[in-house]
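work.txt follows (compact mmCIF, C-alpha atoms):
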```
# COMPACT_ATOMS: atom_id res chain seq x y z
CA MET A 28 51.06 -140.67 26.80
CA PRO A 29 51.89 -137.38 28.56
CA GLU A 30 48.75 -135.97 26.95
CA ALA A 31 46.61 -138.68 28.52
CA ALA A 32 48.46 -138.50 31.83
CA ARG A 33 47.63 -134.84 32.20
CA HIS A 34 43.93 -135.61 32.35
CA LEU A 35 44.29 -138.09 35.20
CA PRO A 36 43.62 -136.91 38.73
CA PRO A 37 47.01 -136.47 40.43
CA THR A 38 46.28 -139.07 43.10
CA LEU A 39 45.24 -141.86 40.75
CA ALA A 40 48.01 -144.42 40.44
CA MET A 41 48.75 -145.29 36.83
CA GLN A 42 47.80 -148.97 37.07
CA PHE A 43 44.14 -148.13 37.79
CA GLU A 44 41.39 -147.27 35.33
CA ASP A 45 39.57 -144.89 37.60
CA PRO A 46 39.24 -143.85 41.28
CA LEU A 47 36.53 -146.44 41.94
CA GLN A 48 38.81 -149.28 40.91
CA GLN A 49 41.65 -147.85 43.00
CA HIS A 50 39.34 -147.57 46.00
CA GLU A 51 38.14 -151.16 45.62
CA ALA A 52 41.72 -152.43 45.25
CA SER A 53 42.99 -150.63 48.35
CA THR A 54 40.04 -151.80 50.43
CA LEU A 55 40.48 -155.42 49.32
CA GLY A 56 44.19 -155.20 50.03
CA MET A 57 43.55 -154.09 53.58
CA TRP A 58 40.90 -156.80 54.16
CA THR A 59 43.41 -159.39 52.90
CA PHE A 60 45.99 -158.14 55.38
CA LEU A 61 43.36 -158.23 58.14
CA ALA A 62 42.58 -161.88 57.27
CA THR A 63 46.24 -162.72 57.93
CA GLU A 64 46.01 -160.72 61.17
CA ILE A 65 42.95 -162.75 62.27
CA LEU A 66 45.02 -165.92 61.88
CA PHE A 67 48.06 -164.28 63.52
CA PHE A 68 46.00 -163.64 66.67
CA GLY A 69 44.10 -166.89 66.02
CA GLY A 70 47.01 -169.07 67.15
CA LEU A 71 46.92 -167.41 70.57
CA PHE A 72 43.14 -167.66 70.79
CA VAL A 73 43.18 -171.38 69.91
CA SER A 74 45.87 -172.24 72.46
CA TYR A 75 44.09 -170.04 75.03
CA THR A 76 40.92 -172.11 74.45
CA VAL A 77 42.73 -175.44 74.77
CA PHE A 78 44.23 -174.50 78.13
CA ARG A 79 41.08 -172.83 79.40
CA LEU A 80 39.21 -176.08 78.75
CA ALA A 81 41.95 -177.98 80.55
CA TYR A 82 42.25 -175.69 83.60
CA PRO A 83 38.94 -173.87 84.11
CA GLU A 84 39.57 -173.15 87.83
CA THR A 85 43.00 -171.66 87.14
CA TRP A 86 41.53 -169.35 84.48
CA HIS A 87 38.83 -168.31 86.95
CA THR A 88 41.44 -167.50 89.61
CA GLY A 89 43.68 -165.66 87.17
CA SER A 90 40.84 -163.55 85.87
CA HIS A 91 40.09 -162.34 89.40
CA HIS A 92 43.67 -161.06 89.75
CA LEU A 93 43.09 -158.61 86.87
CA LEU A 94 41.70 -155.08 87.26
CA GLU A 95 38.21 -155.37 85.83
CA TRP A 96 37.57 -151.61 85.94
CA ALA A 97 40.68 -151.04 83.82
CA GLY A 98 39.67 -153.59 81.21
CA ALA A 99 36.13 -152.22 81.05
CA THR A 100 37.30 -148.61 80.79
CA ASN A 101 39.75 -149.54 78.08
CA THR A 102 36.99 -151.24 76.10
CA GLY A 103 34.96 -148.03 76.26
CA VAL A 104 38.03 -145.98 75.30
CA LEU A 105 38.68 -148.15 72.25
CA LEU A 106 35.03 -148.07 71.16
CA ALA A 107 35.12 -144.27 71.40
CA SER A 108 38.34 -144.16 69.38
CA SER A 109 36.70 -146.36 66.74
CA LEU A 110 33.82 -143.89 66.54
CA ALA A 111 36.35 -141.07 66.12
CA VAL A 112 38.10 -142.93 63.30
CA ALA A 113 34.79 -143.76 61.59
CA LEU A 114 33.84 -140.09 61.80
CA ALA A 115 37.26 -139.15 60.41
CA VAL A 116 36.53 -141.24 57.29
CA HIS A 117 33.15 -139.53 57.03
CA PHE A 118 34.64 -136.03 57.36
CA ALA A 119 37.47 -136.76 54.91
CA GLU A 120 34.93 -137.85 52.30
CA HIS A 121 32.93 -134.68 52.94
CA GLN A 122 36.06 -132.51 52.75
CA ARG A 123 35.69 -131.04 56.22
CA ARG A 124 39.28 -130.38 57.23
CA THR A 125 38.77 -129.06 60.79
CA ALA A 126 36.35 -131.84 61.72
CA LEU A 127 38.73 -134.40 60.20
CA LEU A 128 41.65 -133.03 62.24
CA LEU A 129 39.59 -133.03 65.45
CA SER A 130 38.38 -136.61 65.00
CA LEU A 131 41.85 -137.91 64.11
CA ALA A 132 43.35 -136.09 67.10
CA SER A 133 40.66 -137.54 69.43
CA ALA A 134 41.33 -141.05 68.16
CA LEU A 135 45.07 -140.54 68.68
CA LEU A 136 44.51 -139.20 72.20
CA LEU A 137 42.20 -142.11 73.09
CA GLY A 138 44.88 -144.50 71.81
CA PHE A 139 47.34 -142.99 74.28
CA VAL A 140 44.73 -143.15 77.09
CA PHE A 141 44.32 -146.88 76.35
CA LEU A 142 48.07 -147.48 76.56
CA GLY A 143 48.27 -145.38 79.75
CA ILE A 144 45.60 -147.49 81.48
CA LYS A 145 47.32 -150.64 80.20
CA GLY A 146 50.56 -149.32 81.75
CA ILE A 147 48.82 -148.80 85.12
CA GLU A 148 47.60 -152.41 84.92
CA TYR A 149 51.02 -153.82 84.05
CA HIS A 150 52.52 -151.85 86.94
CA SER A 151 49.91 -153.18 89.35
CA GLU A 152 50.52 -156.75 88.20
CA TYR A 153 54.27 -156.27 88.55
CA MET A 154 53.81 -155.02 92.12
CA GLU A 155 51.65 -158.06 92.90
CA GLN A 156 54.42 -160.32 91.53
CA LEU A 157 52.30 -161.79 88.76
CA VAL A 158 54.69 -161.45 85.82
CA PRO A 159 55.96 -164.87 84.62
CA GLY A 160 59.66 -164.98 83.93
CA ILE A 161 60.31 -161.74 85.81
CA ASN A 162 58.90 -161.89 89.30
CA PHE A 163 56.07 -164.44 89.44
CA ASN A 164 55.57 -165.45 93.05
CA PRO A 165 54.88 -169.22 93.28
CA ALA A 166 52.91 -168.57 96.48
CA HIS A 167 50.01 -167.43 94.29
CA ASP A 168 49.49 -170.97 93.05
CA PRO A 169 51.69 -173.90 94.08
CA SER A 170 50.55 -175.96 91.08
CA GLY A 171 52.28 -173.50 88.75
CA ARG A 172 49.32 -173.32 86.42
CA LEU A 173 48.48 -169.71 87.23
CA GLN A 174 51.71 -168.71 85.47
CA LEU A 175 50.24 -170.16 82.30
CA PHE A 176 47.20 -167.89 82.53
CA PHE A 177 49.44 -164.88 83.05
CA PHE A 178 51.64 -165.95 80.17
CA PHE A 179 48.57 -165.81 77.92
CA TYR A 180 47.43 -162.54 79.50
CA PHE A 181 50.76 -160.77 78.94
CA VAL A 182 51.45 -162.13 75.46
CA MET A 183 47.96 -161.43 74.16
CA THR A 184 47.66 -157.94 75.65
CA ALA A 185 51.23 -157.00 74.70
CA LEU A 186 50.70 -158.14 71.12
CA HIS A 187 47.51 -156.10 71.06
CA ALA A 188 49.33 -153.09 72.56
CA LEU A 189 51.99 -153.44 69.85
CA HIS A 190 49.22 -153.17 67.26
CA MET A 191 47.92 -150.11 69.10
CA LEU A 192 51.39 -148.52 68.83
CA VAL A 193 51.45 -149.17 65.09
CA GLY A 194 47.93 -147.74 64.81
CA ILE A 195 48.94 -144.63 66.74
CA GLY A 196 51.85 -144.13 64.36
CA LEU A 197 49.52 -144.48 61.38
CA LEU A 198 47.06 -142.01 62.89
CA GLY A 199 49.95 -139.59 63.36
CA PHE A 200 50.76 -140.00 59.65
CA LEU A 201 47.13 -139.23 58.77
CA LEU A 202 47.07 -136.24 61.11
CA TYR A 203 50.18 -134.82 59.43
CA HIS A 204 48.69 -135.11 55.94
CA ALA A 205 45.24 -133.98 57.08
CA GLY A 206 46.86 -130.88 58.59
CA ARG A 207 48.33 -130.08 55.19
CA GLY A 208 44.91 -130.53 53.62
CA HIS A 209 45.90 -133.54 51.53
CA PHE A 210 42.60 -135.36 52.14
CA THR A 211 40.25 -132.42 51.86
CA VAL A 212 41.20 -130.68 48.63
CA PRO A 213 38.59 -131.28 45.88
CA GLY A 214 39.06 -134.70 44.30
CA ALA A 215 41.52 -135.78 46.97
CA ASN A 216 42.28 -139.45 47.51
CA THR A 217 40.91 -140.41 50.94
CA ASN A 218 41.71 -144.13 50.66
CA ALA A 219 44.51 -143.83 53.22
CA VAL A 220 42.09 -142.58 55.87
CA GLU A 221 39.73 -145.42 55.12
CA ILE A 222 42.19 -148.32 55.13
CA ILE A 223 44.04 -147.10 58.23
CA GLY A 224 40.57 -146.82 59.76
CA LEU A 225 39.94 -150.48 58.86
CA TYR A 226 43.14 -151.45 60.66
CA TRP A 227 42.18 -149.43 63.74
CA HIS A 228 38.73 -151.04 63.89
CA PHE A 229 40.30 -154.48 63.58
CA VAL A 230 42.55 -153.80 66.59
CA ASP A 231 39.40 -152.69 68.43
CA CYS A 232 37.70 -155.99 67.52
CA VAL A 233 40.62 -157.98 68.94
CA TRP A 234 40.19 -156.14 72.24
CA ILE A 235 36.41 -156.77 72.16
CA PHE A 236 37.31 -160.47 72.43
CA LEU A 237 40.27 -160.08 74.80
CA PHE A 238 38.17 -158.23 77.38
CA PRO A 239 35.65 -161.00 78.17
CA LEU A 240 38.21 -163.79 77.62
CA LEU A 241 40.72 -162.38 80.10
CA TYR A 242 38.81 -160.16 82.54
CA LEU A 243 35.38 -161.78 82.75
CA VAL A 244 36.13 -165.49 83.22
CA ARG A 245 33.45 -166.87 85.54
CA MET B 20 22.69 -139.99 52.17
CA THR B 21 22.35 -140.04 48.42
CA GLN B 22 25.46 -138.51 46.91
CA SER B 23 28.81 -137.96 48.55
CA PRO B 24 30.81 -134.91 47.55
CA ASN B 25 33.71 -136.87 46.15
CA THR B 26 33.85 -139.79 43.82
CA TRP B 27 36.42 -142.06 45.44
CA HIS B 28 33.97 -144.72 46.49
CA SER B 29 31.21 -146.42 44.65
CA THR B 30 28.78 -147.42 47.34
CA ARG B 31 26.60 -145.74 49.92
CA ARG B 32 28.11 -144.78 53.26
CA PRO B 33 26.77 -144.82 56.81
CA SER B 34 25.63 -141.35 57.90
CA SER B 35 27.33 -139.70 60.87
CA GLY B 36 24.10 -140.23 62.84
CA LEU B 37 24.25 -143.98 62.22
CA LEU B 38 27.89 -144.03 63.36
CA ILE B 39 26.92 -142.38 66.66
CA ILE B 40 23.93 -144.71 67.19
CA ASN B 41 26.26 -147.65 66.53
CA PHE B 42 28.67 -146.37 69.19
CA ILE B 43 25.84 -146.05 71.73
CA LEU B 44 24.71 -149.61 70.93
CA LEU B 45 28.27 -150.84 71.47
CA LEU B 46 28.42 -149.11 74.87
CA VAL B 47 25.08 -150.68 75.85
CA LEU B 48 26.48 -154.12 74.91
CA LEU B 49 29.62 -153.38 76.96
CA VAL B 50 27.54 -152.55 80.05
CA LEU B 51 25.40 -155.65 79.41
CA THR B 52 28.41 -157.96 79.20
CA ILE B 53 29.85 -156.60 82.49
CA TRP B 54 26.45 -156.91 84.21
CA LEU B 55 26.00 -160.50 82.99
CA ALA B 56 29.50 -161.40 84.18
CA HIS B 57 28.45 -160.52 87.73
CA LEU B 58 25.42 -162.81 87.66
CA ASP B 59 25.78 -166.52 88.28
CA LEU B 60 24.43 -168.04 85.10
CA GLN B 61 26.71 -171.06 84.96
CA PRO B 62 27.40 -172.75 82.67
CA TYR B 63 26.25 -170.02 80.27
CA ASN B 64 28.39 -167.05 81.46
CA GLY B 65 31.20 -167.76 79.02
CA LEU B 66 28.86 -168.43 76.12
CA LEU B 67 26.91 -165.21 76.76
CA ALA B 68 30.09 -163.12 77.01
CA LEU B 69 31.39 -164.58 73.73
CA SER B 70 28.05 -164.07 71.97
CA ILE B 71 28.04 -160.40 72.97
CA ALA B 72 31.64 -160.08 71.73
CA VAL B 73 30.60 -161.54 68.37
CA LEU B 74 27.65 -159.13 68.21
CA LYS B 75 29.92 -156.15 69.00
CA THR B 76 32.38 -157.26 66.33
CA LEU B 77 29.55 -157.51 63.81
CA LEU B 78 28.42 -153.97 64.63
CA VAL B 79 31.97 -152.66 64.23
CA ALA B 80 32.52 -154.55 60.97
CA LEU B 81 29.16 -153.82 59.36
CA ILE B 82 28.95 -150.11 60.18
CA PHE B 83 32.31 -148.69 61.29
CA MET B 84 34.22 -150.77 58.72
CA HIS B 85 31.51 -150.20 56.07
CA LEU B 86 31.14 -153.93 55.42
CA GLY B 87 27.36 -153.58 55.38
CA PHE B 88 27.82 -151.02 52.60
CA SER B 89 30.49 -152.88 50.63
CA THR B 90 30.59 -154.95 47.47
CA LYS B 91 30.15 -158.73 47.52
CA VAL B 92 33.80 -159.30 46.75
CA THR B 93 34.77 -157.35 49.89
CA TRP B 94 32.52 -159.70 51.86
CA VAL B 95 34.38 -162.69 50.46
CA PHE B 96 37.74 -161.20 51.46
CA ALA B 97 36.49 -160.30 54.94
CA LEU B 98 34.93 -163.73 55.53
CA ALA B 99 38.03 -165.60 54.35
CA GLY B 100 39.94 -164.89 57.56
CA VAL B 101 36.98 -165.89 59.73
CA VAL B 102 36.43 -169.14 57.81
CA TRP B 103 40.07 -170.15 58.13
CA LEU B 104 39.99 -169.27 61.84
CA GLY B 105 36.95 -171.56 62.13
CA ILE B 106 38.86 -174.42 60.50
CA PHE B 107 41.81 -173.73 62.80
CA PHE B 108 39.55 -173.92 65.88
CA ALA B 109 37.53 -176.91 64.72
CA LEU B 110 40.47 -179.15 63.78
CA SER B 111 42.61 -178.18 66.80
CA LEU B 112 39.82 -178.63 69.33
CA THR B 113 38.57 -181.94 67.95
CA ASP B 114 42.11 -183.22 68.43
CA TYR B 115 42.56 -181.93 71.99
CA ILE B 116 39.06 -182.75 73.20
CA SER B 117 39.22 -186.29 71.82
CA ARG B 118 42.33 -186.93 73.91
CA GLY B 119 40.22 -186.65 77.03
CA TRP B 120 42.01 -183.47 78.16
CA ALA B 121 38.94 -181.34 78.44
CA PRO B 122 37.42 -181.95 81.86
CA ARG B 123 33.94 -180.84 80.83
CA MET B 124 33.73 -183.74 78.44
CA ASP B 125 34.16 -186.50 81.01
CA ASN B 126 34.23 -184.86 84.49
CA ILE B 127 37.75 -185.95 85.34
CA SER B 128 39.87 -183.66 87.49
CA PRO B 129 40.76 -180.49 85.56
CA ALA B 130 44.33 -181.34 84.74
CA ILE B 131 46.04 -182.26 81.55
CA GLU B 132 47.06 -185.88 81.88
CA PHE B 133 48.06 -188.18 79.13
CA ILE B 134 45.81 -191.20 78.79
CA PRO B 135 47.79 -194.12 80.22
CA PRO B 136 48.92 -196.51 77.53
CA PRO B 137 47.01 -199.79 77.24
CA PRO B 138 48.54 -202.62 79.30
CA GLY B 139 51.20 -204.50 77.48
CA ILE B 140 52.84 -201.70 75.55
CA HIS B 141 55.32 -200.60 78.24
CA SER B 142 54.99 -203.57 80.56
CA HIS B 143 57.84 -205.53 78.93
CA PRO B 144 60.44 -202.91 78.06
CA VAL B 145 63.26 -205.45 77.69
CA VAL B 146 61.32 -207.47 75.14
CA ASP B 147 60.31 -204.27 73.28
CA GLN B 148 63.92 -203.11 73.16
CA SER B 149 65.19 -206.36 71.73
CA GLU B 150 62.47 -206.47 69.09
CA ASN B 151 62.63 -202.81 68.17
CA PRO B 152 65.98 -201.17 68.98
CA GLY B 153 64.87 -197.71 67.80
CA PRO B 154 63.39 -195.05 70.08
CA PRO B 155 59.82 -195.70 71.16
CA ALA B 156 57.43 -194.35 68.58
CA HIS B 157 55.12 -191.55 69.68
CA GLY B 158 51.88 -191.76 67.81
CA SER B 159 52.16 -192.89 64.25
CA ALA B 160 55.51 -193.60 62.69
CA GLY B 161 55.82 -191.10 59.86
```
Would you write the structure of this file as structure tokens?
Amino acid sequence: MPEAARHLPPTLAMQFEDPLQQHEASTLGMWTFLATEILFFGGLFVSYTVFRLAYPETWHTGSHHLLEWAGATNTGVLLASSLAVALAVHFAEHQRRTALLLSLASALLLGFVFLGIKGIEYHSEYMEQLVPGINFNPAHDPSGRLQLFFFFYFVMTALHALHMLVGIGLLGFLLYHAGRGHFTVPGANTNAVEIIGLYWHFVDCVWIFLFPLLYLVR
Amino acid sequence: MTQSPNTWHSTRRPSSGLLIINFILLLVLLVLTIWLAHLDLQPYNGLLALSIAVLKTLLVALIFMHLGFSTKVTWVFALAGVVWLGIFFALSLTDYISRGWAPRMDNISPAIEFIPPPPGIHSHPVVDQSENPGPPAHGSAG
């Protein structure tokens, strides 16, 4: 057995026949996790839809309280970060260490820009007394339904921001290993870059839906 | 691209040029969705915005997430979540809409109101109580 083990590439886990099988398994594992994530966010999207159908005017009013420029900018920021992550996968597979480091660092930076803009928005909404449970001012809407819109807004965006934080941590992990050349030595295992990339793109897709559903209700 | 320098994946990959074109397409769709939101196209504004979101997600999934370059079994795994989300939406919304809550279905005022019970059910509470001492059943009794 040690004889055979010596011929294996160092990054091939022992339960796999070859790198192709390991790559397929890790990709399928990540897609399975993402399917559970779709349903995790799905509960919020379904209840959002039920109440939007019930209170269309309230959703319209609530949407106009949000900063549309911030939501639009953040969509662009996330799309750019997705491009950076997709390029990182490309550069890792082509063993270009500097380009990999630059694209990972850009994606990380854009992730922080997104959270910064989100923070500006939350601050603005706090100052306008729109935060349910903390300082929501009933004068905005005597019927009390506007609070429901802002409940959905804060829960959905905060859950998304939590996923962004996890993604930023994972990008930091990749940056650390990329800096040490772990993905760019000949024969290196780049699956980690790819599956963390899948996660990052998924979080981007969630925002692609949150932007029109929250900011562009007409 | 024909051959990638390392052997950790079996299938073709999008070229860096395709990734950048995809990003530009996504930005065009973003500008389009904002522009459409400022036009009065009722009742199609929401539908258009959602269609563009679906299109953007497809671009991200097919190219950035390599789904367009993946094996069939990866497609099955990726579609599983979407299919179950579809079931979740379809069954939940048929329930809520059939209760008459959704104002677009019947043009009632946009408020959630329970449909009043048919006459006779709560009109004689004393008789009901004597015949059925348990709590009033909501919906079907298990």
I'd like to know which of A:Val233, A:Ala113, A:Leu197, A:Leu131 is closest to B:Arg32, using all atoms listed in the file.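 Closest residue, counting all atoms listed in the file: A:Ala113.
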Go through A:Leu106, A:Ala111, A:Leu173, A:Leu128 one by one, measure the shortest atom-to-atom distance of each to B:Leu78 using all atoms listed in the file, and give the residue with the smallest value. A:Leu106
Using only C-alpha atoms - which residues lie no farther than 12 Å from the point (39.5, -172.0, 91.7) in the file's frame? Write them as a PyMOL selection string. (chain A and resi 82-92+167-168+170+172-173+244-245) or (chain B and resi 129)
Deliver the residues from the most recent selection as a file, using C-alpha atoms, as a PDB file, in the frame of the given file.
```pdb
ATOM      1  CA  TYR A  82      42.250-175.690  83.600  1.00  0.00           C
ATOM      2  CA  PRO A  83      38.940-173.870  84.110  1.00  0.00           C
ATOM      3  CA  GLU A  84      39.570-173.150  87.830  1.00  0.00           C
ATOM      4  CA  THR A  85      43.000-171.660  87.140  1.00  0.00           C
ATOM      5  CA  TRP A  86      41.530-169.350  84.480  1.00  0.00           C
ATOM      6  CA  HIS A  87      38.830-168.310  86.950  1.00  0.00           C
ATOM      7  CA  THR A  88      41.440-167.500  89.610  1.00  0.00           C
ATOM      8  CA  GLY A  89      43.680-165.660  87.170  1.00  0.00           C
ATOM      9  CA  SER A  90      40.840-163.550  85.870  1.00  0.00           C
ATOM     10  CA  HIS A  91      40.090-162.340  89.400  1.00  0.00           C
ATOM     11  CA  HIS A  92      43.670-161.060  89.750  1.00  0.00           C
ATOM     12  CA  HIS A 167      50.010-167.430  94.290  1.00  0.00           C
ATOM     13  CA  ASP A 168      49.490-170.970  93.050  1.00  0.00           C
ATOM     14  CA  SER A 170      50.550-175.960  91.080  1.00  0.00           C
ATOM     15  CA  ARG A 172      49.320-173.320  86.420  1.00  0.00           C
ATOM     16  CA  LEU A 173      48.480-169.710  87.230  1.00  0.00           C
ATOM     17  CA  VAL A 244      36.130-165.490  83.220  1.00  0.00           C
ATOM     18  CA  ARG A 245      33.450-166.870  85.540  1.00  0.00           C
TER      19      ARG A 245
ATOM     20  CA  PRO B 129      40.760-180.490  85.560  1.00  0.00           C
TER      21      PRO B 129
END
```
Just the number, please: distance in Å from atom CA of B:Ala80 to atom CA of A:Asp231, one decimal.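 For atom CA of B:Ala80 relative to atom CA of A:Asp231, the distance reads 10.3 Å.
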Kindly provide the residues of chain A that approach chain B to within 8 Å, each paired with its closest atom pair and their distance in Å to one decimal, based on only C-alpha atoms, listed by chain and increasing number, as a Markdown table.
```
| residue | atom | partner | partner_atom | distance |
| --- | --- | --- | --- | --- |
| A:Pro46 | CA | B:Trp27 | CA | 5.3 |
| A:Leu47 | CA | B:His28 | CA | 5.5 |
| A:His50 | CA | B:His28 | CA | 6.1 |
| A:Glu51 | CA | B:His28 | CA | 7.7 |
| A:Thr54 | CA | B:Thr93 | CA | 7.7 |
| A:Leu55 | CA | B:Thr93 | CA | 6.1 |
| A:Trp58 | CA | B:Ala97 | CA | 5.7 |
| A:Thr59 | CA | B:Phe96 | CA | 6.1 |
| A:Leu61 | CA | B:Gly100 | CA | 7.5 |
| A:Ala62 | CA | B:Gly100 | CA | 4.0 |
| A:Thr63 | CA | B:Gly100 | CA | 6.7 |
| A:Ile65 | CA | B:Gly100 | CA | 6.0 |
| A:Leu66 | CA | B:Leu104 | CA | 6.0 |
| A:Gly69 | CA | B:Leu104 | CA | 6.3 |
| A:Val73 | CA | B:Phe108 | CA | 6.0 |
| A:Val77 | CA | B:Leu112 | CA | 6.9 |
| A:Leu80 | CA | B:Ala121 | CA | 5.3 |
| A:Ala81 | CA | B:Ala121 | CA | 5.0 |
| A:Tyr82 | CA | B:Pro129 | CA | 5.4 |
| A:Pro83 | CA | B:Pro129 | CA | 7.0 |
| A:Glu84 | CA | B:Pro129 | CA | 7.8 |
| A:Ala99 | CA | B:Leu49 | CA | 7.8 |
| A:Thr102 | CA | B:Leu49 | CA | 7.7 |
| A:Gly103 | CA | B:Leu46 | CA | 6.8 |
| A:Leu106 | CA | B:Phe42 | CA | 6.9 |
| A:Ala107 | CA | B:Phe42 | CA | 7.1 |
| A:Ser109 | CA | B:Phe83 | CA | 7.4 |
| A:Leu110 | CA | B:Phe42 | CA | 6.3 |
| A:Ala113 | CA | B:Phe83 | CA | 5.5 |
| A:Leu114 | CA | B:Ser35 | CA | 6.6 |
| A:His117 | CA | B:Ser35 | CA | 7.0 |
| A:Glu120 | CA | B:Asn25 | CA | 6.3 |
| A:His121 | CA | B:Pro24 | CA | 5.8 |
| A:Gln122 | CA | B:Pro24 | CA | 7.8 |
| A:Pro213 | CA | B:Asn25 | CA | 7.4 |
| A:Gly214 | CA | B:Asn25 | CA | 6.1 |
| A:Ala215 | CA | B:Asn25 | CA | 7.9 |
| A:Asn216 | CA | B:Trp27 | CA | 6.7 |
| A:Thr217 | CA | B:Trp27 | CA | 7.3 |
| A:Asn218 | CA | B:Trp27 | CA | 7.7 |
| A:Gly224 | CA | B:Met84 | CA | 7.6 |
| A:Leu225 | CA | B:Met84 | CA | 5.7 |
| A:His228 | CA | B:Met84 | CA | 6.9 |
| A:Cys232 | CA | B:Thr76 | CA | 5.6 |
| A:Ile235 | CA | B:Ala72 | CA | 5.8 |
| A:Phe236 | CA | B:Ala72 | CA | 5.7 |
| A:Pro239 | CA | B:Ala68 | CA | 6.1 |
| A:Leu240 | CA | B:Leu69 | CA | 7.9 |
| A:Leu243 | CA | B:Ala56 | CA | 6.1 |
| A:Val244 | CA | B:Gly65 | CA | 6.9 |
| A:Arg245 | CA | B:Asn64 | CA | 6.5 |
```
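The spacing separating atom CA of A:Leu142 from atom CA of A:Phe118 amounts to 26.1 Å.
Of note, atom CA of A:Asn162 and atom CA of A:Thr184 are spaced 18.1 Å apart.
Minimum atom-to-atom distances from A:Phe238, A:Leu201, A:Tyr149, A:Phe179 to A:Thr100 were compared using only C-alpha atoms, and the lowest value belongs to A:Phe238.
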